[in-house]
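**Student:** Here you go, one structure.
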Amino acid sequence: MLSIEEIKLLIEKLEKVKTHDLQALVDSNLKILKDVALAVDANNSEAIDRLDKTVEWYHMDLDAKKHKPVVDDLLYRQIVMKIHQFAKTGYYNSLEIGPGWGMFSNDFRAWRLNFFLDINPRVEKHIRKKIKPGGQRFLRFHTTTKTECESIPQGSCNFVFSWDTFVFFTQQHIQDYLLDIERVLIPGGYCFIQYADCHYDVDLNNAKKGYWNYNTKTAMEEIIKKQGFEIVEMNQFRAGANYAIFRKPGKQNPLVYKVSEITLD
């Protein structure tokens with residue numbers, strides 16, 4: 001039996017392969033599949049319950065990862081090297097969304113102020129333990145219930161980063177988050193965010209299990225552009241480690257990111 005994630009993926013693929021000769025066939029099958037997808041979404045309470053995860057779910061997930069990080073050493077080095085491409089010492093600020101236990105918290109030292117936004121207030125204590133006393137005054141912690149970040153000043157950040165967070169959000173949740181991110185970014189500011197791409201089996205299987213939420217590169221591109229961001233790069237370190245880099249239009253940011261392939265010795 002096809003899962004709802006597989007049905008949605010098939011819909012996307014059919015929409016891409018439309019040609020003159022196949023138009024009638026594709027249209028008829030698309031209608032059937034879309035009707036099935038709507039019916040499954042409307043009647044499968046288990047699928048509905050898992051879409052937008054609860055605060056309690058994030059608490060349990062955080063605890064489960066305390067002694068079993070989802071990022072291995074190689075992937076960590078690849079992500080950090082990418083982060084450092086956005087670094088510019090001076091009066092520039094960063095925002096990390098969903099820092100969890102603070103795996104990347106020490107990697108924002110080039111920025112003056114480091115904002116951290118999480119649904120779990122417990123992360124502050126653990127992240128502060130990783131930062132030397134002299135750097136404590138540059139940390140700012142904020143708690144959200146979903147996407148809200150009103151307490152972070154408007155136009156205060158040059159760089160927004162998030163890993164192992166947006167993969168859990170519905171597409172609408174991501175769209176709402178980008179609205180808040182747009183507010184806190186300066187014109188020309190960059191975002192570097194992991195997302196789920198269910199074109200790949202690793203991501204699709206996580207979505208079918210209800211752990212991640214269904215998303216694809218195609219859908220993510222549309223979400224980013226709809227909010228008015230400029231897509232700079234969409235790539236992956238490997239399957240399950242897909243990322244999007246995009247920027248808010250403008251020229252206030254002193255750093256210009258250049259797309260490049262990162263190699264590790």
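We label chains A, B, ... in the order they appear in the structure tokens, count residues from 1 in each chain, and number ligands from 1 in the order shown.
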Val259 of chain A: which residues within 10 Å, counting only C-alpha atoms, same-chain residues fewer than 4 positions away excluded, as a CSV table (one decimal) with N, CA and C atoms, in the first residue's frame?
**Tutor:**
```
chain,number,residue,atom,x,y,z
A,82,LYS,N,31.1,25.0,6.1
A,82,LYS,CA,30.1,25.8,5.4
A,82,LYS,C,29.7,27.0,6.2
A,85,GLN,N,32.1,29.9,6.1
A,85,GLN,CA,32.1,30.7,4.9
A,85,GLN,C,31.2,31.9,5.0
A,232,VAL,N,20.4,30.8,-3.2
A,232,VAL,CA,21.8,30.8,-3.6
A,232,VAL,C,22.3,29.4,-3.9
A,233,GLU,N,21.9,28.5,-3.1
A,233,GLU,CA,22.4,27.1,-3.3
A,233,GLU,C,21.5,26.1,-2.7
A,234,MET,N,21.2,25.0,-3.4
A,234,MET,CA,20.5,23.9,-2.8
A,234,MET,C,21.3,22.6,-3.1
A,245,ILE,N,20.6,27.3,1.0
A,245,ILE,CA,21.2,28.5,1.3
A,245,ILE,C,20.4,29.6,0.5
```
**Student:** Hey, what's within 6 Å of segment 136-145 of chain A if we count only C-alpha atoms and toss same-chain stuff fewer than 4 positions away? As a list in words, please?
**Tutor:**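 Returned residues: Leu113, Asn114, Phe115, Phe116, Leu117, Asp118 and Ile119 of chain A.
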**Student:** Using atom CA of Glu6 of chain A and atom CA of Arg238 of chain A as the two end points, give the distance in Å to one decimal.
**Tutor:** 20.9 Å
**Student:** Let's see if you can do this: from backbone DSSP, list all alpha helix (DSSP H) residues in segment 12-261 of chain A, as an MDAnalysis selection string.
**Tutor:** chainID A and resid 12:16 23:43 45:51 55:64 73:84 123:130 171:184 201:208 217:226
**Student:** I'd like to know which of A:Phe168, A:Tyr76, A:Phe86, A:Phe237 is closest to Asn206 of chain A, using only C-alpha atoms.
**Tutor:**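 When distances to Asn206 of chain A are compared using only C-alpha atoms, the smallest one comes from A:Phe168.
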**Student:** Excluding segment 222-227 of chain A and residues on its chain fewer than 6 positions from it, collect all residues at most 7 Å away from it, counting only C-alpha atoms, and give them as a list in words.
**Tutor:** Gln175, Leu178 and Leu179 of chain A
**Student:** Among segment 12-217 of chain A, which ones does DSSP assign to strand (DSSP E) (computed from the backbone)? Answer as a PyMOL selection string.
**Tutor:** chain A and resi 93-97+113-118+139-143+157-162+185-195
**Student:** So what do you get for atom CA of Lys132 of chain A versus atom CA of Asn93 of chain A, distance-wise?
**Tutor:**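 Computing it gives 18.2 Å between the two atoms.
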**Student:** For a quick check of understanding, using only C-alpha atoms, which of A:Lys208, A:His84, A:Arg122, A:Arg109 has the smallest distance to Leu255 of chain A?
**Tutor:** A:His84
**Student:** Restricting the calculation to only C-alpha atoms: of A:Tyr92, A:Tyr200, A:Tyr190, A:Phe169, which residue gets closest to Tyr58 of chain A?
**Tutor:** A:Phe169
**Student:** Residues near Val184 of chain A, anyone? I mean within 9 Å using only C-alpha atoms, not counting same-chain ones fewer than 3 positions away, as a list in words.
**Tutor:**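 Listing them by chain and then by number gives Leu95, Cys149, Glu150, Ile152, Pro153, Gln154, Gly155, Ser156, Cys157, Asn158, Asp180 and Ile181 of chain A.
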**Student:** Hey, can you spit out that residue selection with N, CA and C atoms as a compact mmCIF listing (two decimals), in the first residue's frame?
**Tutor:**
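Once written, selection_0.txt looks like this:
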```txt
# COMPACT_ATOMS: atom_id res chain seq x y z
N LEU A 95 21.90 33.92 14.24
CA LEU A 95 20.76 33.28 14.91
C LEU A 95 20.78 31.81 14.58
N CYS A 149 9.48 34.75 16.97
CA CYS A 149 10.77 35.25 17.43
C CYS A 149 10.69 36.77 17.57
N GLU A 150 9.55 37.24 18.10
CA GLU A 150 9.34 38.68 18.25
C GLU A 150 10.36 39.33 19.16
N ILE A 152 13.47 38.82 19.26
CA ILE A 152 14.72 39.10 18.55
C ILE A 152 14.50 40.35 17.71
N PRO A 153 15.35 41.36 17.86
CA PRO A 153 15.13 42.64 17.19
C PRO A 153 15.03 42.52 15.67
N GLN A 154 14.19 43.35 15.10
CA GLN A 154 14.04 43.38 13.65
C GLN A 154 15.35 43.82 12.99
N GLY A 155 15.71 43.14 11.91
CA GLY A 155 16.91 43.50 11.17
C GLY A 155 18.19 43.41 11.99
N SER A 156 18.26 42.43 12.89
CA SER A 156 19.41 42.35 13.80
C SER A 156 20.43 41.28 13.41
N CYS A 157 20.11 40.40 12.46
CA CYS A 157 20.97 39.25 12.19
C CYS A 157 21.49 39.25 10.75
N ASN A 158 22.74 38.87 10.63
CA ASN A 158 23.37 38.72 9.32
C ASN A 158 23.24 37.30 8.79
N ASP A 180 9.02 35.01 9.77
CA ASP A 180 9.70 35.56 10.95
C ASP A 180 11.19 35.76 10.69
N ILE A 181 11.80 34.83 9.97
CA ILE A 181 13.22 34.95 9.65
C ILE A 181 13.47 36.19 8.80
```
**Student:** As an exercise, work out the distance from atom CA of Asn215 of chain A to atom CA of Leu9 of chain A in Å and give it to one decimal place.
**Tutor:**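 Between atom CA of Asn215 of chain A and atom CA of Leu9 of chain A the gap works out to 9.0 Å.
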**Student:** Nearest to Asp197 of chain A: which of A:Pro69, A:Gly134, A:Gly100, A:Gly240 is it, counting only C-alpha atoms?
**Tutor:** A:Gly240
**Student:** Would you mind listing what lies within 9 Å of Gln252 of chain A as a VMD selection string, with only C-alpha atoms counted and same-chain residues fewer than 6 positions away left out?
**Tutor:** chain A and resid 158 186 to 189
